[in-house]
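Colleague: upload_7.txt is reproduced in full below (compact mmCIF, C-alpha atoms).
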# COMPACT_ATOMS: atom_id res chain seq x y z
CA MET A 12 -66.80 -53.40 -17.56
CA LEU A 13 -63.04 -53.63 -16.93
CA SER A 14 -62.67 -56.35 -19.58
CA TYR A 15 -64.59 -54.21 -22.05
CA LEU A 16 -62.40 -51.18 -21.33
CA ILE A 17 -59.27 -53.26 -21.87
CA ASP A 18 -60.67 -54.67 -25.11
CA PHE A 19 -61.63 -51.22 -26.39
CA SER A 20 -58.22 -49.80 -25.47
CA ASN A 21 -56.62 -52.71 -27.27
CA PHE A 22 -58.82 -52.01 -30.30
CA MET A 23 -57.87 -48.32 -30.49
CA LEU A 24 -54.17 -48.93 -29.79
CA ARG A 25 -54.08 -51.60 -32.47
CA TRP A 26 -55.64 -49.14 -34.92
CA LEU A 27 -53.04 -46.49 -34.04
CA HIS A 28 -50.27 -49.08 -34.28
CA VAL A 29 -51.36 -50.21 -37.75
CA ILE A 30 -51.79 -46.63 -39.02
CA ALA A 31 -48.34 -45.60 -37.75
CA ALA A 32 -46.76 -48.78 -39.12
CA ILE A 33 -48.30 -48.26 -42.56
CA ALA A 34 -47.05 -44.67 -42.62
CA TRP A 35 -43.55 -45.60 -41.44
CA ILE A 36 -43.09 -48.68 -43.59
CA GLY A 37 -44.65 -47.01 -46.62
CA GLU A 38 -42.33 -44.03 -46.35
CA SER A 39 -39.32 -46.28 -45.72
CA ILE A 40 -40.08 -48.45 -48.75
CA TYR A 41 -40.63 -45.33 -50.85
CA PHE A 42 -37.24 -43.85 -49.97
CA VAL A 43 -35.46 -47.16 -50.60
CA MET A 44 -37.17 -47.28 -53.99
CA LEU A 45 -36.22 -43.67 -54.65
CA ASP A 46 -32.59 -44.17 -53.60
CA ASN A 47 -32.19 -47.26 -55.77
CA GLY A 48 -34.02 -45.75 -58.73
CA LEU A 49 -31.93 -42.58 -59.04
CA LYS A 50 -30.16 -41.91 -62.33
CA SER A 51 -27.30 -39.53 -63.04
CA PRO A 52 -28.67 -36.09 -63.96
CA LYS A 53 -28.48 -35.20 -67.64
CA ASP A 54 -28.53 -31.48 -67.04
CA GLU A 55 -25.03 -30.03 -66.65
CA ASN A 56 -26.29 -27.31 -64.31
CA CYS A 57 -27.68 -29.96 -61.95
CA ARG A 58 -24.36 -31.76 -61.86
CA LYS A 59 -22.54 -28.50 -61.10
CA LYS A 60 -24.91 -27.87 -58.19
CA GLY A 61 -23.94 -31.24 -56.70
CA VAL A 62 -26.97 -33.31 -57.74
CA PHE A 63 -25.92 -36.96 -57.40
CA GLY A 64 -29.03 -38.54 -58.91
CA GLU A 65 -32.59 -37.78 -59.94
CA MET A 66 -35.86 -39.47 -60.68
CA TRP A 67 -38.88 -38.34 -62.66
CA ALA A 68 -42.21 -39.87 -61.69
CA VAL A 69 -45.89 -39.45 -62.40
CA HIS A 70 -48.52 -40.03 -59.75
CA GLY A 71 -51.98 -38.75 -58.91
CA GLY A 72 -52.24 -36.65 -62.06
CA GLY A 73 -48.99 -34.78 -61.50
CA PHE A 74 -45.29 -35.06 -62.29
CA TYR A 75 -42.54 -35.19 -59.67
CA HIS A 76 -38.84 -34.49 -60.00
CA ASN A 77 -36.78 -35.87 -57.11
CA GLN A 78 -33.12 -34.99 -56.73
CA LYS A 79 -30.45 -36.27 -54.35
CA TYR A 80 -27.42 -34.17 -53.48
CA ALA A 81 -24.12 -35.92 -52.79
CA THR A 82 -22.88 -32.79 -51.03
CA SER A 83 -24.61 -29.80 -49.47
CA PRO A 84 -26.97 -27.94 -51.80
CA GLU A 85 -26.39 -24.25 -52.34
CA LYS A 86 -29.02 -23.45 -49.75
CA LEU A 87 -30.40 -25.82 -47.15
CA PRO A 88 -34.07 -24.99 -46.36
CA ASP A 89 -35.34 -24.64 -42.83
CA ASP A 90 -38.42 -26.81 -43.46
CA LEU A 91 -36.65 -30.12 -44.07
CA HIS A 92 -38.90 -33.18 -43.91
CA TRP A 93 -37.75 -35.50 -41.12
CA SER A 94 -38.87 -39.12 -40.81
CA PHE A 95 -38.91 -40.28 -37.23
CA TRP A 96 -42.23 -39.75 -35.42
CA LYS A 97 -43.89 -42.50 -37.43
CA ALA A 98 -41.18 -44.92 -36.27
CA TYR A 99 -41.47 -43.87 -32.63
CA THR A 100 -45.28 -43.98 -32.67
CA THR A 101 -45.23 -47.47 -34.17
CA TRP A 102 -42.92 -48.80 -31.47
CA LEU A 103 -44.61 -47.00 -28.56
CA SER A 104 -48.11 -48.12 -29.58
CA GLY A 105 -46.87 -51.66 -30.16
CA PHE A 106 -45.21 -51.76 -26.75
CA ALA A 107 -48.40 -50.44 -25.14
CA LEU A 108 -50.32 -53.23 -26.84
CA PHE A 109 -47.83 -55.77 -25.53
CA ILE A 110 -48.33 -54.46 -21.99
CA ILE A 111 -52.13 -54.64 -22.22
CA LEU A 112 -52.37 -57.97 -24.03
CA TYR A 113 -49.50 -59.92 -22.51
CA MET A 114 -47.97 -58.27 -19.45
CA PHE A 115 -51.30 -57.72 -17.70
CA ASN A 116 -51.74 -61.50 -17.60
CA PRO A 117 -48.28 -63.04 -18.13
CA GLY A 118 -49.06 -66.39 -16.54
CA PHE A 119 -51.76 -66.79 -19.14
CA TYR A 120 -50.02 -65.42 -22.24
CA LEU A 121 -46.24 -65.48 -21.69
CA VAL A 122 -45.36 -68.55 -19.62
CA ASN A 123 -44.74 -71.73 -21.61
CA PRO A 124 -45.74 -74.62 -19.27
CA ASN A 125 -44.75 -77.11 -21.99
CA SER A 126 -41.18 -75.84 -22.27
CA SER A 127 -38.49 -78.52 -22.07
CA TRP A 128 -36.57 -76.04 -19.90
CA GLU A 129 -37.91 -76.63 -16.41
CA TRP A 130 -37.11 -73.11 -15.16
CA ALA A 131 -39.05 -71.59 -18.08
CA ALA A 132 -42.05 -73.87 -17.58
CA ASN A 133 -42.20 -72.94 -13.89
CA MET A 134 -41.81 -69.17 -14.21
CA THR A 135 -44.17 -66.93 -12.29
CA GLY A 136 -45.97 -64.11 -14.05
CA TRP A 137 -43.65 -61.32 -12.87
CA GLN A 138 -40.61 -63.40 -13.82
CA ALA A 139 -42.02 -63.84 -17.32
CA ASN A 140 -42.58 -60.09 -17.61
CA VAL A 141 -39.01 -59.32 -16.53
CA LEU A 142 -37.65 -61.94 -18.92
CA ALA A 143 -39.70 -60.56 -21.83
CA LEU A 144 -38.40 -57.02 -21.25
CA THR A 145 -34.84 -58.32 -20.86
CA PHE A 146 -35.25 -60.31 -24.06
CA LEU A 147 -36.20 -57.18 -25.99
CA LEU A 148 -33.39 -55.12 -24.47
CA LEU A 149 -30.71 -57.75 -25.05
CA GLY A 150 -31.91 -58.25 -28.62
CA TRP A 151 -31.14 -54.59 -29.37
CA VAL A 152 -27.86 -54.60 -27.43
CA VAL A 153 -26.53 -57.71 -29.18
CA TYR A 154 -27.59 -56.49 -32.64
CA ASN A 155 -26.14 -53.02 -32.04
CA GLU A 156 -22.83 -54.41 -30.76
CA MET A 157 -22.59 -56.70 -33.77
CA CYS A 158 -23.00 -53.70 -36.08
CA LYS A 159 -20.36 -51.70 -34.20
CA ARG A 160 -17.84 -54.54 -33.92
CA ILE A 161 -18.22 -56.45 -37.20
CA SER A 162 -18.62 -53.50 -39.57
CA PRO A 163 -17.79 -50.26 -37.71
CA ASN A 164 -16.83 -48.42 -40.91
CA MET A 165 -19.48 -50.11 -43.07
CA GLU A 166 -16.80 -52.07 -44.93
CA ARG A 167 -17.88 -55.58 -43.90
CA ASP A 168 -21.66 -55.33 -44.21
CA GLY A 169 -21.87 -58.68 -46.00
CA LEU A 170 -20.32 -60.45 -43.02
CA LEU A 171 -22.55 -58.41 -40.72
CA SER A 172 -25.64 -59.57 -42.62
CA ILE A 173 -24.66 -63.20 -42.04
CA GLY A 174 -24.16 -62.44 -38.35
CA VAL A 175 -27.58 -60.80 -38.05
CA ALA A 176 -29.19 -63.77 -39.86
CA ILE A 177 -27.61 -66.20 -37.38
CA MET A 178 -28.71 -63.99 -34.52
CA MET A 179 -32.34 -64.15 -35.68
CA VAL A 180 -32.24 -67.96 -35.81
CA VAL A 181 -30.96 -67.96 -32.22
CA VAL A 182 -33.64 -65.46 -31.17
CA ALA A 183 -36.34 -67.61 -32.79
CA TYR A 184 -35.11 -70.71 -30.98
CA LEU A 185 -34.74 -69.06 -27.58
CA SER A 186 -38.12 -67.35 -27.75
CA THR A 187 -39.98 -70.61 -28.44
CA GLN A 188 -38.23 -72.31 -25.53
CA MET A 189 -38.83 -69.54 -23.01
CA PHE A 190 -42.27 -68.22 -23.94
CA SER A 191 -45.62 -69.56 -25.10
CA GLY A 192 -45.90 -70.02 -28.85
CA ARG A 193 -47.90 -66.94 -29.73
CA ALA A 194 -45.78 -64.73 -27.47
CA ALA A 195 -42.59 -66.25 -28.92
CA PHE A 196 -43.51 -65.20 -32.47
CA LEU A 197 -44.56 -61.75 -31.27
CA LEU A 198 -41.39 -61.20 -29.22
CA THR A 199 -39.13 -62.29 -32.07
CA GLY A 200 -40.87 -59.75 -34.28
CA ALA A 201 -40.61 -57.20 -31.47
CA VAL A 202 -36.84 -57.75 -31.26
CA MET A 203 -36.56 -56.76 -34.92
CA ALA A 204 -39.06 -53.91 -34.55
CA THR A 205 -37.17 -52.58 -31.52
CA ALA A 206 -33.93 -52.69 -33.51
CA MET A 207 -35.63 -50.80 -36.33
CA SER A 208 -36.94 -48.02 -34.08
CA ALA A 209 -33.70 -47.86 -32.10
CA ASN A 210 -31.75 -47.56 -35.36
CA VAL A 211 -33.80 -44.48 -36.15
CA PHE A 212 -33.54 -43.04 -32.62
CA PHE A 213 -29.87 -43.71 -31.84
CA TRP A 214 -28.19 -43.65 -35.23
CA ILE A 215 -30.13 -42.45 -38.27
CA ILE A 216 -31.68 -39.24 -36.90
CA PRO A 217 -28.70 -38.15 -34.73
CA GLY A 218 -26.39 -38.70 -37.71
CA GLN A 219 -28.66 -36.68 -39.96
CA ARG A 220 -28.81 -33.87 -37.41
CA ARG A 221 -25.01 -33.75 -37.27
CA ILE A 222 -24.86 -33.63 -41.07
CA VAL A 223 -27.38 -30.77 -41.23
CA LYS A 224 -25.58 -28.88 -38.46
CA ALA A 225 -22.25 -29.21 -40.27
CA MET A 226 -23.77 -28.07 -43.57
CA LYS A 227 -25.37 -25.00 -42.01
CA ALA A 228 -22.05 -24.14 -40.40
CA GLY A 229 -20.26 -24.45 -43.72
CA GLU A 230 -18.30 -27.48 -42.47
CA THR A 231 -17.69 -30.84 -44.11
CA PRO A 232 -19.96 -33.51 -42.59
CA ASN A 233 -18.47 -36.71 -41.24
CA PRO A 234 -19.01 -39.25 -44.06
CA LEU A 235 -19.45 -42.03 -41.49
CA ASP A 236 -22.73 -40.46 -40.35
CA GLY A 237 -24.19 -40.88 -43.83
CA LYS A 238 -22.76 -44.37 -44.27
CA ARG A 239 -23.96 -45.54 -40.88
CA GLY A 240 -27.43 -44.13 -41.44
CA LYS A 241 -27.55 -45.92 -44.78
CA GLN A 242 -26.41 -49.18 -43.17
CA ARG A 243 -29.09 -49.11 -40.48
CA SER A 244 -31.73 -48.01 -42.99
CA VAL A 245 -30.89 -50.99 -45.20
CA HIS A 246 -31.21 -53.33 -42.22
CA ASN A 247 -34.61 -51.81 -41.44
CA THR A 248 -35.90 -52.46 -44.94
CA TYR A 249 -34.98 -56.16 -44.74
CA PHE A 250 -36.59 -56.47 -41.30
CA THR A 251 -39.86 -54.99 -42.58
CA LEU A 252 -41.61 -57.96 -44.19
CA PRO A 253 -40.61 -60.49 -41.50
CA VAL A 254 -41.81 -58.12 -38.76
CA VAL A 255 -45.21 -57.65 -40.42
CA LEU A 256 -45.54 -61.43 -40.80
CA LEU A 257 -44.69 -62.14 -37.16
CA MET A 258 -47.07 -59.45 -35.93
CA ILE A 259 -50.03 -61.09 -37.69
CA SER A 260 -48.95 -64.64 -36.78
CA ASN A 261 -51.01 -64.72 -33.58
CA HIS A 262 -54.05 -65.59 -35.71
CA TYR A 263 -52.47 -68.84 -36.96
CA SER A 264 -51.85 -71.40 -34.25
CA PHE A 265 -50.57 -74.07 -36.68
CA ALA A 266 -47.31 -72.10 -36.84
CA TYR A 267 -46.64 -71.10 -33.25
CA SER A 268 -47.99 -74.27 -31.62
CA HIS A 269 -45.85 -76.64 -33.68
CA ALA A 270 -43.04 -78.61 -32.03
CA HIS A 271 -40.60 -77.02 -34.48
CA ALA A 272 -42.13 -73.54 -34.38
CA TRP A 273 -38.69 -71.89 -34.26
CA VAL A 274 -37.74 -73.55 -37.57
CA ILE A 275 -40.98 -72.39 -39.19
CA MET A 276 -40.36 -68.89 -37.83
CA ALA A 277 -36.77 -68.74 -39.10
CA LEU A 278 -37.79 -69.97 -42.57
CA LEU A 279 -40.49 -67.31 -42.82
CA ILE A 280 -38.10 -64.57 -41.66
CA PHE A 281 -35.60 -65.48 -44.37
CA ALA A 282 -38.39 -65.79 -46.95
CA GLY A 283 -39.53 -62.25 -46.17
CA ALA A 284 -35.98 -60.89 -46.46
CA LEU A 285 -35.44 -62.64 -49.81
CA ILE A 286 -38.69 -61.31 -51.23
CA ARG A 287 -37.78 -57.82 -50.06
CA GLN A 288 -34.40 -58.16 -51.78
CA TYR A 289 -36.18 -58.76 -55.08
CA PHE A 290 -38.00 -55.43 -54.84
CA VAL A 291 -34.88 -53.57 -53.70
CA LEU A 292 -33.02 -54.82 -56.78
CA MET A 293 -36.01 -54.27 -59.04
CA HIS A 294 -36.04 -50.55 -58.18
CA ALA A 295 -32.38 -50.45 -59.21
CA GLY A 296 -33.35 -51.90 -62.60
CA LYS A 297 -32.24 -55.47 -61.84
CA ILE A 298 -34.88 -58.16 -62.24
CA GLN A 299 -33.73 -61.30 -60.42
CA PRO A 300 -36.65 -63.71 -59.97
CA GLY A 301 -34.40 -66.16 -58.13
CA TYR A 302 -34.94 -64.19 -54.91
CA PRO A 303 -38.75 -64.47 -54.73
CA ALA A 304 -38.49 -68.05 -56.00
CA ALA A 305 -36.15 -68.88 -53.11
CA GLY A 306 -38.51 -67.08 -50.73
CA VAL A 307 -41.50 -69.07 -51.94
CA LEU A 308 -39.45 -72.27 -51.63
CA LEU A 309 -38.73 -71.48 -47.98
CA ILE A 310 -42.43 -70.77 -47.42
CA MET A 311 -43.30 -74.17 -48.93
CA VAL A 312 -40.76 -75.87 -46.66
CA ALA A 313 -42.38 -74.12 -43.68
CA PHE A 314 -45.78 -75.28 -44.95
CA TRP A 315 -44.51 -78.86 -45.20
CA ILE A 316 -43.02 -78.79 -41.69
CA GLY A 317 -46.17 -77.31 -40.20
CA MET A 318 -48.53 -79.71 -41.94
CA PRO A 319 -50.55 -81.57 -39.27
CA ALA A 320 -50.33 -85.34 -39.08
CA ASN A 321 -53.34 -87.27 -40.35
CA GLN A 322 -55.46 -87.89 -37.29
CA GLN A 323 -58.25 -89.70 -39.07
CA THR A 324 -58.96 -93.31 -38.10
CA ASN A 325 -58.37 -96.03 -40.66
CA ALA A 326 -61.26 -97.22 -42.78
CA GLY A 327 -63.12 -100.07 -41.19
CA SER A 328 -61.85 -99.33 -37.69
CA GLU A 329 -64.10 -98.51 -34.78
CA SER A 330 -65.42 -94.98 -34.69
CA GLY A 331 -63.83 -92.47 -32.34
CA PRO A 332 -65.34 -90.88 -29.26
CA ASP A 333 -68.92 -89.72 -29.38
CA ILE A 334 -69.46 -85.99 -29.91
CA THR A 335 -71.20 -85.76 -26.54
CA ASP A 336 -67.99 -86.97 -24.83
CA VAL A 337 -65.96 -84.36 -26.71
CA GLN A 338 -68.48 -81.66 -25.89
CA ALA A 339 -68.33 -82.55 -22.20
CA VAL A 340 -64.53 -82.05 -22.16
CA ILE A 341 -64.78 -78.78 -24.06
CA GLU A 342 -67.47 -77.47 -21.72
CA GLN A 343 -65.30 -78.27 -18.71
CA ARG A 344 -61.92 -77.11 -20.07
CA CYS A 345 -62.59 -74.52 -22.79
CA VAL A 346 -65.93 -72.77 -22.38
CA ALA A 347 -64.78 -70.49 -19.55
CA CYS A 348 -63.12 -68.39 -22.30
CA HIS A 349 -64.74 -69.68 -25.49
CA ALA A 350 -68.34 -68.74 -24.78
CA GLN A 351 -70.69 -66.03 -25.92
CA SER A 352 -70.39 -64.58 -22.41
CA PRO A 353 -67.01 -65.75 -21.02
CA THR A 354 -66.71 -66.29 -17.28
CA GLN A 355 -62.91 -66.15 -17.32
CA PRO A 356 -61.68 -62.75 -16.02
CA GLY A 357 -60.11 -60.62 -18.73
CA PHE A 358 -62.39 -61.75 -21.55
CA SER A 359 -65.38 -59.73 -22.68
CA ALA A 360 -65.93 -61.84 -25.81
CA PRO A 361 -64.87 -65.31 -27.02
CA PRO A 362 -61.27 -65.38 -28.35
CA ALA A 363 -61.21 -65.20 -32.17
CA GLY A 364 -65.01 -65.27 -32.06
CA PHE A 365 -65.11 -69.03 -31.34
CA ALA A 366 -67.89 -69.78 -28.85
CA TYR A 367 -67.86 -73.46 -27.91
CA ASP A 368 -71.02 -73.32 -25.88
CA ASN A 369 -72.50 -73.82 -29.33
CA LEU A 370 -72.27 -77.39 -30.69
CA ASP A 371 -72.26 -76.24 -34.31
CA GLN A 372 -69.15 -74.11 -33.63
CA ILE A 373 -67.40 -77.12 -32.06
CA VAL A 374 -68.09 -79.26 -35.12
CA ARG A 375 -67.03 -76.54 -37.58
CA GLN A 376 -63.76 -75.94 -35.73
CA LYS A 377 -62.95 -79.64 -35.22
CA GLU A 378 -59.54 -79.66 -36.93
CA SER A 379 -58.43 -76.44 -35.30
CA ILE A 380 -59.50 -77.66 -31.86
CA GLN A 381 -57.65 -80.96 -32.32
CA GLN A 382 -54.51 -79.19 -33.47
CA VAL A 383 -54.18 -76.68 -30.61
CA VAL A 384 -55.20 -79.27 -27.99
CA ALA A 385 -52.75 -81.89 -29.29
CA SER A 386 -49.90 -79.36 -29.34
CA GLY A 387 -50.62 -78.38 -25.74
CA TYR A 388 -51.10 -74.74 -26.71
CA MET A 389 -54.70 -74.79 -25.54
CA PRO A 390 -56.00 -74.31 -22.98
CA LEU A 391 -53.57 -71.39 -22.51
CA GLY A 392 -51.14 -72.29 -19.75
CA ASN A 393 -53.41 -75.32 -19.18
CA MET A 394 -55.20 -73.13 -16.69
CA THR A 395 -58.21 -75.48 -16.68
CA ASN A 396 -56.02 -78.56 -16.09
CA MET A 397 -56.91 -80.56 -19.19
CA THR A 398 -55.57 -84.09 -18.74
CA ASP A 399 -53.58 -86.17 -21.24
CA GLU A 400 -56.52 -88.56 -21.46
CA GLU A 401 -58.84 -85.70 -22.42
CA ARG A 402 -56.37 -84.50 -25.07
CA ALA A 403 -56.21 -88.03 -26.47
CA LEU A 404 -60.00 -88.24 -26.52
CA ILE A 405 -60.24 -85.03 -28.58
CA GLY A 406 -57.45 -86.26 -30.86
CA GLU A 407 -59.32 -89.50 -31.56
CA TRP A 408 -62.59 -87.67 -32.31
CA SER A 409 -63.47 -88.56 -35.92
CA GLU A 410 -67.10 -87.63 -36.34
What would the structure in this file look like if it were written as structure tokens?

Modeller:
Amino acid sequence: MLSYLIDFSNFMLRWLHVIAAIAWIGESIYFVMLDNGLKSPKDENCRKKGVFGEMWAVHGGGFYHNQKYATSPEKLPDDLHWSFWKAYTTWLSGFALFIILYMFNPGFYLVNPNSSWEWAANMTGWQANVLALTFLLLGWVVYNEMCKRISPNMERDGLLSIGVAIMMVVVAYLSTQMFSGRAAFLLTGAVMATAMSANVFFWIIPGQRRIVKAMKAGETPNPLDGKRGKQRSVHNTYFTLPVVLLMISNHYSFAYSHAHAWVIMALLIFAGALIRQYFVLMHAGKIQPGYPAAGVLLIMVAFWIGMPANQQTNAGSESGPDITDVQAVIEQRCVACHAQSPTQPGFSAPPAGFAYDNLDQIVRQKESIQQVVASGYMPLGNMTNMTDEERALIGEWSE
């Protein structure tokens, strides 16, 4: 019953997380589109009132007229729309999911027993939990300090962007060395997601509140509040696509179980940012297909790196191990989790729906089984003590 309750809680939290993320990201993308699509107002009265830009749009059978004021409008309404709870809900629900899925069983999901760093491979569960939380916290601290030190007045944002890009490569590398593959991809995405939510909490919303307070008091707002909010908002929009990719990566072991997983991860992060840049520019009326082309090129490079080696035996050679030998290893090392009724604590159903107490499932998932076993990713944490000889046997299985 406990496993079922955890699974159901995971299910509902994941639903909440996705709903909040869709709402937050959708609104964020909309406002970036709106900001970049504004045109100077043609009406003289609008310009006199301080309207900086406007956009006419049609949607859902109606027409919309959006206006942006460069200075305070004549009257600031009390019912301003604020965008922050969606961001906070996304992060809080995601962190709750991380606790349930990973921190409840860190030795199983966080520790990387195959790490070339001996201290990481030998971490205990509580040490892995502390390291994961520290990793998230330091990710935000380093990113935030870079923003404050490299471009404090938003005058060197280009240099800052390069710094953040280098930081993400380092984060990708460190995460794959310290944590198991799936957790490494998730934590790298969580570093960016934490920065996004923290940008809203510590900079964007407080700055907007100070601006509103100054306007209502008839004072001139500090222009740095607006510039800084814009800077962090721009960072958030470029983090968006990579974060979504990394959050769904746990379904694709070929990426996170690869020996060069950090390279694949970094390439996909940059691909997402490049593709996002295309849409940002498109909303400003600039069509530059070189950005998505470069993004697709990086994706193809990641595909090439992640491509599994040909494990098939040469024609005319002796056949590989018999399926009964393979099945015997899988029953001993894998079926505790991958069964219709798992006996491993913490599982109420077979992971990803793969039940290997069924021979047909084993045959259908042959390539996937060989891949995750050869990489050492499965069994998770090698909790069932699969030997190198057994891994080799599965790798040589050809029929």

Colleague: Between A:Ala385, A:Val175, A:Val122, A:Met23, which is the closest to Phe265 of chain A once you count all atoms listed in the file?

Modeller: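 Between A:Ala385, A:Val175, A:Val122, A:Met23, the residue approaching Phe265 of chain A most closely is A:Ala385.
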
Colleague: For a quick check of understanding, using all atoms listed in the file, which of A:Asn247, A:Ala277, A:Pro234, A:Ala132 has the smallest distance to Ile177 of chain A?

Modeller: A:Ala277

Colleague: Restrict the calculation to only C-alpha atoms, then for each residue of segment 342-405 of chain A with any atom at most 12 Å from an atom of segment 116-120 of chain A give the closest atom pair and their distance in Å to one decimal, rows by chain and rising residue number, as JSON lines.

Modeller:
{"residue": "A:Cys348", "atom": "CA", "partner": "A:Phe119", "partner_atom": "CA", "distance": 11.9}
{"residue": "A:Gln355", "atom": "CA", "partner": "A:Phe119", "partner_atom": "CA", "distance": 11.3}
{"residue": "A:Pro356", "atom": "CA", "partner": "A:Asn116", "partner_atom": "CA", "distance": 10.1}
{"residue": "A:Gly357", "atom": "CA", "partner": "A:Asn116", "partner_atom": "CA", "distance": 8.5}
{"residue": "A:Phe358", "atom": "CA", "partner": "A:Asn116", "partner_atom": "CA", "distance": 11.4}
{"residue": "A:Tyr388", "atom": "CA", "partner": "A:Tyr120", "partner_atom": "CA", "distance": 10.4}
{"residue": "A:Met389", "atom": "CA", "partner": "A:Phe119", "partner_atom": "CA", "distance": 10.7}
{"residue": "A:Pro390", "atom": "CA", "partner": "A:Phe119", "partner_atom": "CA", "distance": 9.4}
{"residue": "A:Leu391", "atom": "CA", "partner": "A:Phe119", "partner_atom": "CA", "distance": 6.0}
{"residue": "A:Gly392", "atom": "CA", "partner": "A:Phe119", "partner_atom": "CA", "distance": 5.6}
{"residue": "A:Asn393", "atom": "CA", "partner": "A:Phe119", "partner_atom": "CA", "distance": 8.7}
{"residue": "A:Met394", "atom": "CA", "partner": "A:Phe119", "partner_atom": "CA", "distance": 7.6}
{"residue": "A:Thr395", "atom": "CA", "partner": "A:Phe119", "partner_atom": "CA", "distance": 11.1}

Colleague: Can you tell me how far atom CA of Glu55 of chain A sits from atom CA of Gly229 of chain A, in Å to one decimal?

Modeller: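 Distance reported for this atom pair: 24.1 Å.
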
Colleague: If we count all atoms listed in the file, what is near segment 333-335 of chain A at a cut-off of 12 Å, once residues fewer than 3 positions away on the same chain are taken out, given as a list in words?

Modeller: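 The filter keeps Glu329, Ser330, Gln338, Ala339, Val340, Ile341, Glu342, Leu370, Asp371, Ile373, Val374, Lys377, Leu404, Ile405, Glu407, Trp408, Ser409 and Glu410 of chain A.
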
Colleague: Between A:Cys57, A:Leu27, A:Met203, A:Leu252, which is the closest to Tyr80 of chain A once you count all atoms listed in the file?

Modeller: A:Cys57

Colleague: Take atom CA of Ser186 of chain A and atom CA of Trp273 of chain A and report the distance between them in Å, one decimal.

Modeller: 8.0 Å

Colleague: Pick out the closest residue to Arg243 of chain A from this set: A:Leu108, A:Ala209, A:Val180, A:Ala270. Count all atoms listed in the file.

Modeller: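 The shortest atom-to-atom distance to Arg243 of chain A comes from A:Ala209.
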
Colleague: Please identify all polymer residues within 12 Å of Tyr263 of chain A, counting all atoms listed in the file, omitting same-chain residues fewer than 4 positions from it, and present them as a list in words.

Modeller: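 What passes the distance filter is Gly192, Arg193, Phe196, Leu256, Leu257, Met258, Ile259, Tyr267, Ser268, His269, Ala272, Gly317, Ala363, Ser379, Gln382, Val383 and Tyr388 of chain A.
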
Colleague: Give me, please, the distance in Å between atom CA of Leu91 of chain A and atom CA of Glu38 of chain A, quoted to one decimal.

Modeller: 15.2 Å
